[in-house]
>>> print(open('my_file.cif').read())   # mmCIF, C-alpha atoms
data_my_file
loop_
_atom_site.label_atom_id
_atom_site.label_comp_id
_atom_site.auth_asym_id
_atom_site.auth_seq_id
_atom_site.Cartn_x
_atom_site.Cartn_y
_atom_site.Cartn_z
CA MET A 1 -49.88 41.86 -52.36
CA PRO A 2 -46.22 40.89 -51.89
CA ASN A 3 -45.25 44.56 -52.05
CA GLU A 4 -47.80 45.51 -49.41
CA ARG A 5 -46.61 42.77 -47.06
CA LEU A 6 -43.03 43.92 -47.52
CA ALA A 7 -43.97 47.52 -46.72
CA VAL A 8 -45.83 46.46 -43.55
CA ALA A 9 -42.84 44.40 -42.38
CA ARG A 10 -40.48 47.31 -42.91
CA MET A 11 -42.80 49.62 -40.94
CA ARG A 12 -42.95 47.18 -38.02
CA ARG A 13 -39.15 46.88 -37.86
CA HIS A 14 -38.80 50.68 -37.93
CA THR A 15 -41.42 51.13 -35.18
CA GLY A 16 -39.73 48.49 -33.01
CA ALA A 17 -36.35 50.24 -33.29
CA ILE A 18 -37.87 53.57 -32.26
CA MET A 19 -39.54 51.99 -29.19
CA LYS A 20 -36.26 50.32 -28.22
CA ASP A 21 -34.34 53.62 -28.42
CA THR A 22 -37.05 55.35 -26.41
CA LYS A 23 -36.71 52.83 -23.57
CA ILE A 24 -32.94 53.33 -23.51
CA PHE A 25 -33.26 57.11 -23.20
CA VAL A 26 -35.95 56.86 -20.56
CA GLY A 27 -33.75 54.54 -18.48
CA LEU A 28 -30.81 56.94 -18.49
CA ARG A 29 -30.40 59.36 -15.54
CA SER A 30 -28.42 62.56 -15.44
CA ALA A 31 -24.92 62.10 -14.03
CA ARG A 32 -24.87 65.63 -12.67
CA LYS A 33 -25.30 65.94 -8.89
CA ALA A 34 -27.91 68.17 -7.41
CA PRO A 35 -26.51 71.45 -6.12
CA VAL A 36 -25.58 71.34 -2.43
CA THR A 37 -27.20 74.03 -0.39
CA LYS A 38 -24.93 75.67 2.15
CA ASN A 39 -25.94 75.58 5.78
CA GLU A 40 -26.77 78.80 7.49
CA THR A 41 -23.97 80.51 9.41
CA SER A 42 -23.13 78.46 12.50
CA GLY A 43 -21.47 79.55 15.72
CA PRO A 44 -22.13 80.22 19.41
CA GLN A 45 -25.51 81.57 20.36
CA CYS A 46 -25.84 85.21 21.33
CA GLN A 47 -25.47 85.48 25.12
CA TRP A 48 -28.03 88.24 25.50
CA GLU A 49 -30.96 86.82 27.41
CA GLY A 50 -33.83 85.79 25.15
CA CYS A 51 -31.84 86.08 21.90
CA ASP A 52 -31.42 83.01 19.68
CA LYS A 53 -29.25 84.60 17.00
CA THR A 54 -25.60 83.70 16.36
CA GLY A 55 -23.16 85.47 18.67
CA SER A 56 -20.44 86.28 16.15
CA HIS A 57 -19.28 89.53 17.82
CA ARG A 58 -17.05 89.61 20.90
CA ALA A 59 -17.40 92.12 23.74
CA PRO A 60 -14.84 92.51 26.57
CA VAL A 61 -15.85 91.70 30.14
CA GLY A 62 -13.66 94.44 31.63
CA GLN A 63 -11.44 95.09 34.62
CA GLU A 64 -12.60 92.17 36.75
CA ALA A 65 -11.81 89.60 34.02
CA GLU A 66 -9.23 90.97 31.61
CA GLY A 67 -8.79 88.87 28.47
CA LEU A 68 -12.28 87.36 28.64
CA PHE A 69 -15.11 88.12 26.23
CA LEU A 70 -18.86 87.71 25.90
CA GLN A 71 -20.35 86.89 22.52
CA PHE A 72 -23.37 88.72 21.09
CA CYS A 73 -25.16 89.22 17.80
CA LEU A 74 -24.69 92.55 16.03
CA GLU A 75 -27.77 94.14 17.58
CA HIS A 76 -26.84 93.24 21.15
CA VAL A 77 -23.10 93.90 20.91
CA LYS A 78 -24.04 97.48 19.98
CA ARG A 79 -26.38 97.65 22.97
CA TYR A 80 -23.69 96.21 25.26
CA ASN A 81 -21.02 98.61 24.03
CA SER A 82 -23.29 101.62 24.43
CA GLY A 83 -23.54 100.99 28.19
CA TYR A 84 -20.07 99.48 28.72
CA ASN A 85 -17.26 100.83 30.88
CA TYR A 86 -13.96 99.10 31.72
CA SER A 87 -15.02 99.23 35.37
CA ALA A 88 -18.35 97.50 35.91
CA SER A 89 -19.26 100.01 38.62
CA LEU A 90 -19.36 102.73 35.95
CA SER A 91 -21.32 100.73 33.37
CA THR A 92 -25.09 100.87 33.05
CA PRO A 93 -26.86 98.45 35.43
CA GLU A 94 -27.93 96.28 32.51
CA VAL A 95 -24.37 95.83 31.17
CA ALA A 96 -22.78 95.68 34.63
CA ARG A 97 -24.83 92.58 35.42
CA TYR A 98 -23.38 90.78 32.41
CA GLN A 99 -19.86 91.86 33.40
CA ARG A 100 -20.17 90.63 36.99
CA GLU A 101 -21.77 87.34 36.03
CA ALA A 102 -18.97 86.71 33.53
CA ALA A 103 -16.25 87.67 36.03
CA THR A 104 -17.59 85.32 38.71
CA GLY A 105 -18.11 82.39 36.33
CA LEU A 106 -21.91 82.51 36.33
CA ARG A 107 -21.87 83.27 32.61
CA ALA A 108 -19.71 81.46 30.04
CA THR A 109 -16.91 83.46 28.42
CA ALA A 110 -14.40 83.14 25.61
CA GLY A 111 -10.69 83.97 25.67
CA SER A 112 -8.09 83.49 28.37
CA GLY A 113 -8.13 85.57 31.52
CA ALA A 114 -5.09 87.35 32.92
CA LEU A 115 -3.39 85.74 35.92
CA HIS A 116 -3.77 87.79 39.10
CA VAL A 117 -1.07 87.09 41.69
CA SER A 118 -1.80 87.52 45.38
CA GLU A 119 1.59 89.08 46.15
CA MET A 120 3.20 91.87 44.19
CA PRO A 121 6.73 91.28 42.89
CA LEU A 122 9.61 93.03 44.63
CA PRO A 123 10.32 96.53 43.34
CA SER A 124 13.12 96.66 40.82
CA THR A 125 14.82 99.30 38.72
CA ALA A 126 15.57 96.75 36.00
CA ARG A 127 13.66 97.03 32.76
CA SER A 128 10.54 94.88 32.40
CA GLY A 129 11.13 91.34 31.17
CA SER A 130 14.73 91.18 32.34
CA ALA A 131 16.24 88.37 34.40
CA LYS A 132 16.31 90.56 37.53
CA VAL A 133 12.57 91.19 37.39
CA TRP A 134 11.87 87.51 36.79
CA ASN A 135 14.05 86.49 39.75
CA ALA A 136 12.35 89.07 41.96
CA ARG A 137 8.95 87.62 41.14
CA LYS A 138 10.23 84.11 41.73
CA THR A 139 11.67 85.10 45.11
CA ALA A 140 8.35 86.64 46.16
CA ALA A 141 6.55 83.42 45.23
CA GLN A 142 9.07 81.37 47.18
CA ARG A 143 8.59 83.49 50.29
CA GLN A 144 4.85 83.02 50.08
CA ALA A 145 5.27 79.25 49.69
CA GLU A 146 7.61 79.14 52.69
CA LYS A 147 5.11 80.97 54.86
CA ALA A 148 2.33 78.61 53.84
CA ALA A 149 4.49 75.56 54.60
CA VAL A 150 5.44 76.86 58.05
CA GLN A 151 1.85 77.73 58.95
CA THR A 152 0.65 74.21 58.18
CA ARG A 153 3.52 72.58 60.10
CA LYS A 154 3.21 71.90 63.80
CA LEU A 155 6.29 73.23 65.60
CA LYS A 156 8.29 71.11 67.99
CA VAL A 157 9.04 72.43 71.48
CA LEU A 158 12.62 73.42 70.65
CA GLU A 159 11.58 75.06 67.38
CA ALA A 160 8.89 77.14 69.11
CA LYS A 161 11.41 78.13 71.79
CA ALA A 162 13.93 79.16 69.12
CA PHE A 163 11.42 81.49 67.46
CA GLU A 164 10.56 82.94 70.87
CA THR A 165 14.24 83.51 71.68
CA LEU A 166 14.78 85.43 68.46
CA GLY A 167 11.56 87.36 69.00
CA LEU A 168 9.99 86.15 65.75
CA PRO A 169 6.56 84.72 64.88
CA PRO A 170 6.36 81.06 63.75
CA ASP A 171 5.61 82.13 60.18
CA ALA A 172 8.79 84.20 59.82
CA THR A 173 10.63 83.62 56.55
CA ALA A 174 14.21 82.44 56.16
CA ASP A 175 15.35 85.98 55.31
CA GLU A 176 13.64 87.39 58.39
CA ILE A 177 15.30 84.78 60.60
CA LYS A 178 18.77 85.51 59.17
CA GLN A 179 18.27 89.25 59.51
CA ARG A 180 17.14 88.99 63.14
CA TYR A 181 20.04 86.65 63.96
CA LYS A 182 22.59 89.16 62.59
CA GLN A 183 20.95 91.95 64.57
CA ARG A 184 21.22 89.99 67.82
CA LEU A 185 24.85 89.07 67.13
CA LYS A 186 25.72 92.75 66.88
CA LEU A 187 23.51 93.73 69.81
CA TYR A 188 24.98 91.19 72.26
CA HIS A 189 28.55 91.06 70.97
CA PRO A 190 31.11 91.04 73.89
CA ASP A 191 33.02 94.03 72.47
CA VAL A 192 29.85 96.12 72.59
CA ASN A 193 28.73 95.01 76.08
CA GLN A 194 32.15 94.92 77.77
CA GLY A 195 31.80 91.37 79.02
CA ASP A 196 28.30 91.73 80.48
CA ARG A 197 27.08 88.29 81.63
CA ASP A 198 23.45 88.85 80.61
CA ALA A 199 24.48 89.97 77.11
CA GLU A 200 26.72 86.91 76.81
CA ALA A 201 23.81 84.63 77.78
CA GLN A 202 21.57 86.31 75.21
CA LEU A 203 24.27 85.84 72.58
CA GLN A 204 24.61 82.12 73.30
CA ALA A 205 20.84 81.68 73.31
CA SER A 206 20.58 83.43 69.92
CA ILE A 207 23.32 81.26 68.44
CA GLU A 208 21.59 78.09 69.70
CA ALA A 209 18.17 79.23 68.45
CA HIS A 210 19.56 79.96 64.99
CA ARG A 211 21.29 76.57 64.94
CA ILE A 212 18.03 74.74 65.75
CA LEU A 213 16.04 76.60 63.11
CA LYS A 214 18.74 76.03 60.50
CA LEU A 215 18.94 72.30 61.22
CA ASN A 216 15.17 71.97 60.80
CA GLY A 217 15.07 73.81 57.49
CA PHE A 218 13.63 77.15 58.57
CA CYS A 219 16.55 79.16 57.25
#
>>> encode(input="my_file.cif", output="structure tokens")
Amino acid sequence: MPNERLAVARMRRHTGAIMKDTKIFVGLRSARKAPVTKNETSGPQCQWEGCDKTGSHRAPVGQEAEGLFLQFCLEHVKRYNSGYNYSASLSTPEVARYQREAATGLRATAGSGALHVSEMPLPSTARSGSAKVWNARKTAAQRQAEKAAVQTRKLKVLEAKAFETLGLPPDATADEIKQRYKQRLKLYHPDVNQGDRDAEAQLQASIEAHRILKLNGFC
């Protein structure tokens, strides 16, 4: 009997140890993280009407908006390019509509458009990018700004009379005023007119008109 009791006790201790180890293993969790799934390709939506794919391909707008692009999926960029021409008037009607809408801002675009100036720079024989070309463009812009300033300014009586005396419009530039003044000095010079009183009066009137315009910042 004692031997049987001893055997039973040993079996119970062994069974208890196994159960304890089992609970420990069950409680443990794997330290490895679950694999992260990558998101699908993201980007702007294709700009072709009715398409919800990603617009990962750029297509140029053309002549009316140089430097700007539309964005299409592969299928529609091929369709756009097949009917595209640099000039929208020569593209297919379907593509031309996209070009015109993009050029007028009705359709969003990517890129940076080229700057179109309203006045062409002065002609120059200097090579492109040189200081002379840059100064010529700057001078053209200054002349345009001067004209705009004069047009918005209300002339005084003496100023309006001065322009009339020189035979110039109120929006004449500083260079035009100086050139006309020199012409009148030569035209009514006493040596040319042999002391003619009318020529002398015209000369004095021109000098006074130029003085008024110069004092008021017109030249």
>>> residues_around(input="my_file.cif", residues="stretch 172-175 of chain A", least_positions_apart="3", cutoff="6 Å", atoms="all atoms listed in the file", output="PyMOL selection string")
chain A and resi 169+178+218-219
>>> resolve_selection(input="my_file.cif", expression="the PyMOL selection byres ((chain A and resi 58) around 7)", output="number ranges by chain")
A: 56-57, 59-60, 69-72
>>> resolve_selection(input="my_file.cif", expression="the PyMOL selection byres ((chain A and resi 190-206) around 10)", output="ChimeraX atom specification")
/A:162-163,165-167,180-182,184-189,207-212
>>> atom_distance(input="my_file.cif", atom1="atom CA of A:Gly111", atom2="atom CA of A:Lys78")
19.8 Å
>>> residues_near_point(input="my_file.cif", point="(-18.3, 84.9, 29.0)", cutoff="9 Å", atoms="all atoms listed in the file", output="list in words")
Gln47, Ala59, Pro60, Val61, Leu68, Phe69, Leu70, Gln71, Tyr98, Gln99, Glu101, Ala102, Ala103, Gly105, Leu106, Arg107, Ala108, Thr109, Ala110 and Gly111 of chain A
>>> atom_distance(input="my_file.cif", atom1="atom CA of A:Ala88", atom2="atom CA of A:Pro44")
24.2 Å
>>> residues_around(input="my_file.cif", residues="A:Leu90", least_positions_apart="5", cutoff="12 Å", atoms="all atoms listed in the file", output="number ranges by chain")
A: 62-63, 83-85, 95-97, 99
>>> write_last_selection(input="my_file.cif", atoms="C-alpha atoms", output="PDB file, in the frame of the given file")
ATOM      1  CA  GLY A  62     -13.660  94.440  31.630  1.00  0.00           C
ATOM      2  CA  GLN A  63     -11.440  95.090  34.620  1.00  0.00           C
ATOM      3  CA  GLY A  83     -23.540 100.990  28.190  1.00  0.00           C
ATOM      4  CA  TYR A  84     -20.070  99.480  28.720  1.00  0.00           C
ATOM      5  CA  ASN A  85     -17.260 100.830  30.880  1.00  0.00           C
ATOM      6  CA  VAL A  95     -24.370  95.830  31.170  1.00  0.00           C
ATOM      7  CA  ALA A  96     -22.780  95.680  34.630  1.00  0.00           C
ATOM      8  CA  ARG A  97     -24.830  92.580  35.420  1.00  0.00           C
ATOM      9  CA  GLN A  99     -19.860  91.860  33.400  1.00  0.00           C
TER      10      GLN A  99
END
>>> atom_distance(input="my_file.cif", atom1="atom CA of A:Thr104", atom2="atom CA of A:Glu49")
17.6 Å
>>> residues_around(input="my_file.cif", residues="A:Cys51", least_positions_apart="6", cutoff="9 Å", atoms="only C-alpha atoms", output="JSON, numbers by chain")
{"A": [45, 72, 73, 76]}
>>> resolve_selection(input="my_file.cif", expression="the PyMOL selection byres ((chain A and resi 43) around 10)", output="list in words")
Glu40, Thr41, Ser42, Pro44, Gln45, Cys46, Lys53, Thr54, Gly55 and Ser56 of chain A
>>> write_last_selection(input="my_file.cif", atoms="C-alpha atoms", output="CSV table (one decimal), keeping the file's coordinate frame")
chain,number,residue,atom,x,y,z
A,40,GLU,CA,-26.8,78.8,7.5
A,41,THR,CA,-24.0,80.5,9.4
A,42,SER,CA,-23.1,78.5,12.5
A,44,PRO,CA,-22.1,80.2,19.4
A,45,GLN,CA,-25.5,81.6,20.4
A,46,CYS,CA,-25.8,85.2,21.3
A,53,LYS,CA,-29.2,84.6,17.0
A,54,THR,CA,-25.6,83.7,16.4
A,55,GLY,CA,-23.2,85.5,18.7
A,56,SER,CA,-20.4,86.3,16.2
